[in-house]
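Data block for protein_3.txt (compact mmCIF, C-alpha atoms):
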```
# COMPACT_ATOMS: atom_id res chain seq x y z
CA MET A 1 5.03 17.44 51.85
CA LEU A 2 4.46 13.73 51.33
CA PHE A 3 1.10 14.36 49.65
CA ALA A 4 2.66 16.93 47.35
CA ALA A 5 5.47 14.55 46.42
CA VAL A 6 3.02 11.75 45.66
CA LEU A 7 0.92 14.13 43.57
CA VAL A 8 3.96 15.18 41.54
CA VAL A 9 4.92 11.55 40.94
CA LEU A 10 1.40 10.71 39.81
CA MET A 11 1.29 13.70 37.47
CA LEU A 12 4.63 12.71 35.96
CA ALA A 13 3.40 9.13 35.53
CA VAL A 14 0.20 10.23 33.81
CA THR A 15 2.15 12.56 31.54
CA GLY A 16 4.56 9.76 30.68
CA VAL A 17 1.76 7.33 29.85
CA TYR A 18 0.02 9.94 27.70
CA ARG A 19 3.18 10.66 25.73
CA LEU A 20 3.90 6.96 25.35
CA MET A 21 0.50 6.04 23.96
CA ASN A 22 0.59 8.96 21.49
CA ALA A 23 4.22 8.64 20.40
CA ARG A 24 4.64 8.57 16.63
CA THR A 25 8.13 7.09 16.73
CA PHE A 26 7.91 4.47 19.51
CA GLN A 27 5.71 1.72 20.90
CA LEU A 28 6.31 -0.74 23.73
CA ALA A 29 6.69 -3.78 21.47
CA GLY A 30 6.66 -4.64 17.78
CA GLN A 31 7.90 -2.85 14.69
CA LEU A 32 6.88 0.75 14.05
CA THR A 33 7.67 3.12 11.17
CA HIS A 34 6.70 6.78 10.99
CA ARG A 35 9.06 7.69 8.14
CA VAL A 36 11.62 5.83 6.07
CA GLU A 37 15.21 7.02 5.97
CA THR A 38 16.07 7.31 2.28
CA GLY A 39 17.93 9.67 0.03
CA GLU A 40 15.30 9.26 -2.68
CA LYS A 41 12.63 11.94 -3.07
CA VAL A 42 9.77 9.52 -2.54
CA VAL A 43 6.71 9.71 -0.28
CA ALA A 44 3.70 7.58 0.65
CA LEU A 45 0.24 9.11 0.56
CA THR A 46 -2.03 7.48 3.16
CA PHE A 47 -5.71 7.91 3.96
CA ASP A 48 -7.34 6.98 7.27
CA ASP A 49 -10.93 5.75 7.86
CA GLY A 50 -13.61 4.97 5.28
CA PRO A 51 -14.42 3.82 2.73
CA ASP A 52 -17.62 5.78 2.18
CA GLU A 53 -19.66 7.39 -0.58
CA HIS A 54 -16.70 9.52 -1.66
CA THR A 55 -14.56 6.51 -2.62
CA ARG A 56 -15.11 6.83 -6.38
CA GLU A 57 -14.29 10.53 -6.28
CA ILE A 58 -10.99 9.81 -4.54
CA ILE A 59 -10.16 6.95 -6.91
CA ASP A 60 -10.80 9.21 -9.89
CA ILE A 61 -8.58 11.99 -8.52
CA LEU A 62 -5.72 9.59 -7.84
CA ALA A 63 -6.13 7.91 -11.23
CA GLU A 64 -5.95 11.27 -12.97
CA GLN A 65 -2.71 12.01 -11.09
CA ARG A 66 -1.34 8.46 -11.61
CA VAL A 67 -0.84 7.95 -7.87
CA ARG A 68 -1.16 4.72 -5.92
CA ALA A 69 -1.90 5.27 -2.25
CA THR A 70 -2.38 3.29 0.96
CA PHE A 71 -5.80 3.28 2.63
CA PHE A 72 -6.01 2.42 6.33
CA VAL A 73 -9.64 1.33 6.36
CA VAL A 74 -12.14 0.67 9.13
CA GLY A 75 -13.42 -2.91 9.07
CA SER A 76 -17.06 -2.07 9.74
CA GLU A 77 -17.02 0.43 6.86
CA VAL A 78 -15.48 -2.17 4.55
CA GLU A 79 -18.19 -4.68 5.48
CA ALA A 80 -20.88 -2.03 4.90
CA ARG A 81 -19.40 -1.01 1.52
CA PRO A 82 -17.54 -4.04 0.15
CA GLN A 83 -17.85 -2.78 -3.44
CA GLU A 84 -15.97 0.40 -2.53
CA ALA A 85 -13.15 -1.56 -0.90
CA ARG A 86 -12.89 -3.83 -3.93
CA ALA A 87 -12.78 -0.75 -6.18
CA LEU A 88 -9.79 0.59 -4.25
CA VAL A 89 -7.90 -2.67 -4.69
CA ALA A 90 -8.87 -2.91 -8.35
CA ALA A 91 -7.51 0.62 -8.89
CA GLY A 92 -4.11 -0.53 -7.59
CA HIS A 93 -4.23 0.92 -4.10
CA GLN A 94 -3.12 -0.83 -0.92
CA LEU A 95 -5.59 -1.59 1.87
CA ALA A 96 -4.36 -1.63 5.46
CA ASN A 97 -5.94 -2.19 8.87
CA HIS A 98 -7.33 0.67 11.00
CA THR A 99 -9.35 -1.59 13.37
CA TYR A 100 -12.96 -2.67 13.03
CA THR A 101 -14.75 0.04 15.03
CA HIS A 102 -12.13 2.82 15.17
CA ARG A 103 -12.07 2.66 18.95
CA ARG A 104 -9.05 3.94 20.85
CA MET A 105 -6.82 0.95 21.50
CA ILE A 106 -5.67 1.73 25.03
CA PHE A 107 -6.34 -0.39 28.12
CA VAL A 108 -8.45 -2.86 26.13
CA SER A 109 -8.51 -6.62 26.60
CA PRO A 110 -6.48 -9.04 24.45
CA ALA A 111 -9.74 -10.45 23.08
CA THR A 112 -10.84 -6.97 21.99
CA VAL A 113 -7.53 -6.32 20.25
CA ALA A 114 -7.72 -9.63 18.41
CA GLU A 115 -11.31 -9.07 17.26
CA GLU A 116 -10.69 -5.48 16.14
CA ILE A 117 -7.69 -6.48 14.04
CA GLU A 118 -8.59 -9.94 12.79
CA ARG A 119 -12.14 -9.07 11.74
CA THR A 120 -10.78 -6.16 9.74
CA ASP A 121 -8.09 -8.35 8.19
CA ALA A 122 -10.79 -10.75 7.00
CA ALA A 123 -12.80 -7.93 5.39
CA ILE A 124 -9.67 -6.62 3.69
CA ARG A 125 -8.87 -10.07 2.32
CA ARG A 126 -12.38 -10.41 0.94
CA ALA A 127 -11.84 -7.10 -0.88
CA GLY A 128 -8.92 -8.71 -2.71
CA GLN A 129 -5.89 -7.36 -0.86
CA ARG A 130 -2.91 -9.71 -0.98
CA GLY A 131 0.40 -9.72 0.87
CA ASP A 132 1.06 -8.44 4.36
CA ILE A 133 -1.58 -6.20 5.91
CA LEU A 134 -0.10 -3.17 7.64
CA PHE A 135 -1.72 -1.62 10.73
CA ARG A 136 -2.34 1.87 12.04
CA PRO A 137 -4.07 2.48 15.40
CA PRO A 138 -6.95 4.97 15.44
CA THR A 139 -5.71 8.45 16.40
CA GLY A 140 -2.27 6.85 16.75
CA LYS A 141 -2.98 5.63 20.29
CA LYS A 142 -1.40 2.33 21.32
CA LEU A 143 -0.77 1.00 24.79
CA LEU A 144 -0.16 -2.30 26.58
CA THR A 145 -2.21 -5.09 24.99
CA LEU A 146 -2.17 -3.68 21.46
CA PRO A 147 1.63 -3.47 21.06
CA LEU A 148 2.02 -6.90 22.64
CA TYR A 149 -0.45 -8.39 20.16
CA LEU A 150 1.27 -6.68 17.25
CA ALA A 151 4.68 -7.96 18.32
CA GLN A 152 3.40 -11.50 18.88
CA HIS A 153 1.83 -11.61 15.41
CA ARG A 154 4.73 -9.79 13.73
CA ARG A 155 2.53 -6.93 12.59
CA HIS A 156 4.04 -3.68 11.35
CA THR A 157 2.63 -0.46 12.81
CA ILE A 158 2.63 2.49 10.41
CA MET A 159 2.47 5.99 11.84
CA TRP A 160 3.24 9.22 9.94
CA ASP A 161 5.37 12.36 10.00
CA VAL A 162 3.15 14.77 8.03
CA GLU A 163 -0.44 15.39 9.20
CA PRO A 164 -1.95 18.53 7.64
CA ASP A 165 -5.67 18.07 8.32
CA SER A 166 -6.10 16.66 11.84
CA GLY A 167 -7.61 18.44 14.83
CA ARG A 168 -9.00 21.37 12.86
CA THR A 169 -10.56 22.21 9.49
CA PRO A 170 -7.89 23.77 7.29
CA THR A 171 -8.61 24.97 3.78
CA ALA A 172 -7.35 23.03 0.79
CA ALA A 173 -4.67 25.66 0.26
CA GLU A 174 -3.51 25.33 3.87
CA ILE A 175 -3.31 21.54 3.55
CA ILE A 176 -1.18 21.82 0.42
CA ALA A 177 1.09 24.44 2.00
CA THR A 178 1.60 22.37 5.17
CA VAL A 179 2.56 19.27 3.22
CA ARG A 180 4.98 21.14 0.98
CA GLU A 181 6.60 22.74 4.03
CA GLN A 182 6.94 19.58 6.15
CA VAL A 183 7.58 16.79 3.64
CA ARG A 184 10.98 15.09 3.46
CA PRO A 185 12.32 12.12 1.49
CA GLY A 186 10.65 9.02 2.92
CA SER A 187 7.71 10.89 4.48
CA ILE A 188 4.41 9.18 5.24
CA ILE A 189 1.60 11.69 4.74
CA LEU A 190 -1.66 11.20 6.66
CA LEU A 191 -4.93 12.56 5.22
CA HIS A 192 -8.60 12.24 6.20
CA PRO A 193 -10.69 12.62 3.02
CA TRP A 194 -13.89 10.88 4.09
CA TYR A 195 -17.30 12.02 5.23
CA GLY A 196 -18.57 15.58 5.06
CA GLY A 197 -15.64 16.96 7.02
CA GLY A 198 -13.14 15.70 4.45
CA ALA A 199 -14.27 17.96 1.60
CA ASN A 200 -11.28 20.29 1.88
CA THR A 201 -8.90 17.34 1.96
CA ARG A 202 -10.43 15.86 -1.18
CA GLU A 203 -10.12 19.23 -2.84
CA ALA A 204 -6.44 19.40 -1.83
CA ILE A 205 -5.32 16.05 -3.24
CA LYS A 206 -4.64 17.20 -6.79
CA GLY A 207 -2.75 20.33 -5.75
CA LEU A 208 -0.82 18.39 -3.13
CA VAL A 209 0.34 15.83 -5.70
CA THR A 210 1.25 18.35 -8.39
CA GLY A 211 3.05 20.53 -5.84
CA LEU A 212 5.22 17.68 -4.58
CA ARG A 213 5.96 16.54 -8.11
CA GLU A 214 7.22 20.05 -8.83
CA GLN A 215 9.61 19.51 -5.93
CA GLY A 216 10.82 16.28 -7.52
CA TYR A 217 8.89 13.76 -5.43
CA ARG A 218 7.29 10.54 -6.62
CA PHE A 219 4.55 8.55 -4.88
CA VAL A 220 4.55 4.91 -3.72
CA THR A 221 2.48 2.72 -1.43
CA VAL A 222 3.67 2.26 2.14
CA SER A 223 4.82 -1.31 1.41
CA GLU A 224 6.91 -0.02 -1.48
CA LEU A 225 8.33 2.75 0.71
CA LEU A 226 9.36 0.26 3.40
CA THR A 227 11.51 -1.68 0.93
CA LEU A 228 13.56 1.48 0.29
CA GLY A 229 14.48 1.68 3.94
CA GLY A 230 15.14 -2.01 4.35
CA SER A 231 12.17 -2.46 6.70
```

Please express the file's structure as C-alpha cells.
Amino acid sequence: MLFAAVLVVLMLAVTGVYRLMNARTFQLAGQLTHRVETGEKVVALTFDDGPDEHTREIIDILAEQRVRATFFVVGSEVEARPQEARALVAAGHQLANHTYTHRRMIFVSPATVAEEIERTDAAIRRAGQRGDILFRPPTGKKLLTLPLYLAQHRRHTIMWDVEPDSGRTPTAAEIIATVREQVRPGSIILLHPWYGGGANTREAIKGLVTGLREQGYRFVTVSELLTLGGS
C-alpha cells in the first residue's frame, strides 16, 4: 500500500511539473502574456525560429499585405544570416528573443540561461532592433532557472493563444481555417514558416491575413498589442 501511495504521489508530481513547464498562461516568476484583453479587433502575428533562406519571401508577402509582424528569432540563425535579420528590421518588423540554440529551457543552469538569452539579445541589437526585446521560450517550455532569470531582469515572456501549425503538417487551408475559428480580439498567433517544413505556413499567410481582415481585424506587433492591454 505504501509503495502504491508513493507511486501515485510521484505520478501526480511529474504531471504537475509537466503542466507547469508547458503552461501558456502561467510561469513561476516574471511577467507573461499569452493574449491581451481588449475590445478592439486587433491581433499580433508572430513567427518562431529562423531567419533562413525564406526570409525575403516572407517579407514580400507581409509587405504586399501591409502587415508588420513579430519574429521570435534564434540567435545562432541571426548570426549565420545577419543580412536577413537586418532586412526584417528594415521592413518594419519586430525582432524578439527565442534563445540562441533553441534548446528546451528546463532544468538548465543559470549560466546557460544567461548565455542563451544575452547572446541572442546582442545579435538582435546588431540587426538594428531598438527598444525592449521580448522573449519566448522554445516550444513554450519554462521551468525554474529560466523564469527566475526573466523576473530578475524584468523580461516579458510572450506565449500565444492560437497555434495552427504545430505538432503536425496541416495544409494551408487548414491553417487559415484554424486561425479564423480560434482568433479573438487581442490574440497572439504563432506560426512556423521556416525551413522546408514551413512551406504550407508560408502559403497560408496571405489567406490568413485577408480572412481576418474580412472579419474586421487589424494587425500590430506584439509590443503594440501590449500597450492596448496596459501591459

Using only C-alpha atoms, find each residue in region 34-114 of chain A having at least one atom no more than 10 Å away from region 174-193 of chain A; report its shortest atom-to-atom pair and that distance in Å (one decimal), rows by chain then rising number, as JSON lines.
```
{"residue": "A:His34", "atom": "CA", "partner": "A:Ile188", "partner_atom": "CA", "distance": 6.6}
{"residue": "A:Arg35", "atom": "CA", "partner": "A:Ser187", "partner_atom": "CA", "distance": 5.0}
{"residue": "A:Val36", "atom": "CA", "partner": "A:Gly186", "partner_atom": "CA", "distance": 4.6}
{"residue": "A:Glu37", "atom": "CA", "partner": "A:Gly186", "partner_atom": "CA", "distance": 5.8}
{"residue": "A:Thr38", "atom": "CA", "partner": "A:Gly186", "partner_atom": "CA", "distance": 5.7}
{"residue": "A:Gly39", "atom": "CA", "partner": "A:Pro185", "partner_atom": "CA", "distance": 6.3}
{"residue": "A:Glu40", "atom": "CA", "partner": "A:Pro185", "partner_atom": "CA", "distance": 5.9}
{"residue": "A:Lys41", "atom": "CA", "partner": "A:Pro185", "partner_atom": "CA", "distance": 4.6}
{"residue": "A:Val42", "atom": "CA", "partner": "A:Pro185", "partner_atom": "CA", "distance": 5.4}
{"residue": "A:Val43", "atom": "CA", "partner": "A:Ser187", "partner_atom": "CA", "distance": 5.0}
{"residue": "A:Ala44", "atom": "CA", "partner": "A:Ile188", "partner_atom": "CA", "distance": 4.9}
{"residue": "A:Leu45", "atom": "CA", "partner": "A:Ile189", "partner_atom": "CA", "distance": 5.1}
{"residue": "A:Thr46", "atom": "CA", "partner": "A:Leu190", "partner_atom": "CA", "distance": 5.1}
{"residue": "A:Phe47", "atom": "CA", "partner": "A:Leu191", "partner_atom": "CA", "distance": 4.9}
{"residue": "A:Asp48", "atom": "CA", "partner": "A:His192", "partner_atom": "CA", "distance": 5.5}
{"residue": "A:Asp49", "atom": "CA", "partner": "A:His192", "partner_atom": "CA", "distance": 7.1}
{"residue": "A:Gly50", "atom": "CA", "partner": "A:Pro193", "partner_atom": "CA", "distance": 8.5}
{"residue": "A:Pro51", "atom": "CA", "partner": "A:Pro193", "partner_atom": "CA", "distance": 9.6}
{"residue": "A:Asp52", "atom": "CA", "partner": "A:Pro193", "partner_atom": "CA", "distance": 9.8}
{"residue": "A:His54", "atom": "CA", "partner": "A:Pro193", "partner_atom": "CA", "distance": 8.2}
{"residue": "A:Thr55", "atom": "CA", "partner": "A:Pro193", "partner_atom": "CA", "distance": 9.2}
{"residue": "A:Ile58", "atom": "CA", "partner": "A:Pro193", "partner_atom": "CA", "distance": 8.1}
{"residue": "A:Thr70", "atom": "CA", "partner": "A:Leu190", "partner_atom": "CA", "distance": 9.8}
{"residue": "A:Phe71", "atom": "CA", "partner": "A:Leu191", "partner_atom": "CA", "distance": 9.7}
{"residue": "A:Phe72", "atom": "CA", "partner": "A:Leu190", "partner_atom": "CA", "distance": 9.8}
```

| task | Tell me, in Å to one decimal, how far CA of Leu62 (chain A) is from CA of His93 (chain A). | result |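 CA of His93 (chain A) lies 9.6 Å from CA of Leu62 (chain A).
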
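The gap separating CA of Thr25 (chain A) from CA of Tyr149 (chain A) is 18.0 Å, in Å to one decimal.
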
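For the pair CA of Arg103 (chain A) and CA of Gln83 (chain A), the interatomic distance is 23.8 Å.
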
| request: Pull the neighbourhood of (6.8, 9.4, -7.5) for me: all residues within 12 Å in file coordinates, counting only C-alpha atoms, as number ranges by chain. | output: A: 40-45, 65-69, 185-186, 209-221, 224-225

| query | Skipping near chain neighbours, those fewer than 6 positions away, what residues fall within 8 Å of Pro147 (chain A) using all atoms listed in the file, listed as a list in words? | reply |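 Using all atoms listed in the file, the neighbours found are Gln27, Leu28, Ala29 and Gly30 of chain A.
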
| message | Given all atoms listed in the file as the basis, pick out the residue of A:Leu95, A:Val74, A:Ala80, A:Leu143 nearest to Arg130 (chain A). | response |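 Smallest distance to Arg130 (chain A) is found for A:Leu95.
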
| field | Point (-4.9, -8.2, -1.4), cut-off 10 Å, counting only C-alpha atoms, residues as an NGL selection string | value | :A and (86 or 89-90 or 92-96 or 124-133)

Please produce a file of the residues just selected, as a compact mmCIF listing (two decimals), in the coordinates of the input, where the atoms kept are C-alpha atoms.
```txt
# COMPACT_ATOMS: atom_id res chain seq x y z
CA ARG A 86 -12.89 -3.83 -3.93
CA VAL A 89 -7.90 -2.67 -4.69
CA ALA A 90 -8.87 -2.91 -8.35
CA GLY A 92 -4.11 -0.53 -7.59
CA HIS A 93 -4.23 0.92 -4.10
CA GLN A 94 -3.12 -0.83 -0.92
CA LEU A 95 -5.59 -1.59 1.87
CA ALA A 96 -4.36 -1.63 5.46
CA ILE A 124 -9.67 -6.62 3.69
CA ARG A 125 -8.87 -10.07 2.32
CA ARG A 126 -12.38 -10.41 0.94
CA ALA A 127 -11.84 -7.10 -0.88
CA GLY A 128 -8.92 -8.71 -2.71
CA GLN A 129 -5.89 -7.36 -0.86
CA ARG A 130 -2.91 -9.71 -0.98
CA GLY A 131 0.40 -9.72 0.87
CA ASP A 132 1.06 -8.44 4.36
CA ILE A 133 -1.58 -6.20 5.91
```

| task | Check the smallest atom-to-atom distance from each of A:Ala151, A:Leu226, A:Ser109, A:Trp194 to Glu53 (chain A) using only C-alpha atoms, then report the winner. | result | A:Trp194

| query | Which is closest to Leu32 (chain A) among A:Leu228, A:Met159, A:Met105, A:Val78, if we use all atoms listed in the file? | reply |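 Ranked by minimum distance to Leu32 (chain A), first place goes to A:Met159.
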
| Pick the closest to Leu150 (chain A) from A:Gln31, A:Ser76, A:Thr171, A:His98: which is it, counting all atoms listed in the file? |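 Nearest to Leu150 (chain A): A:Gln31.
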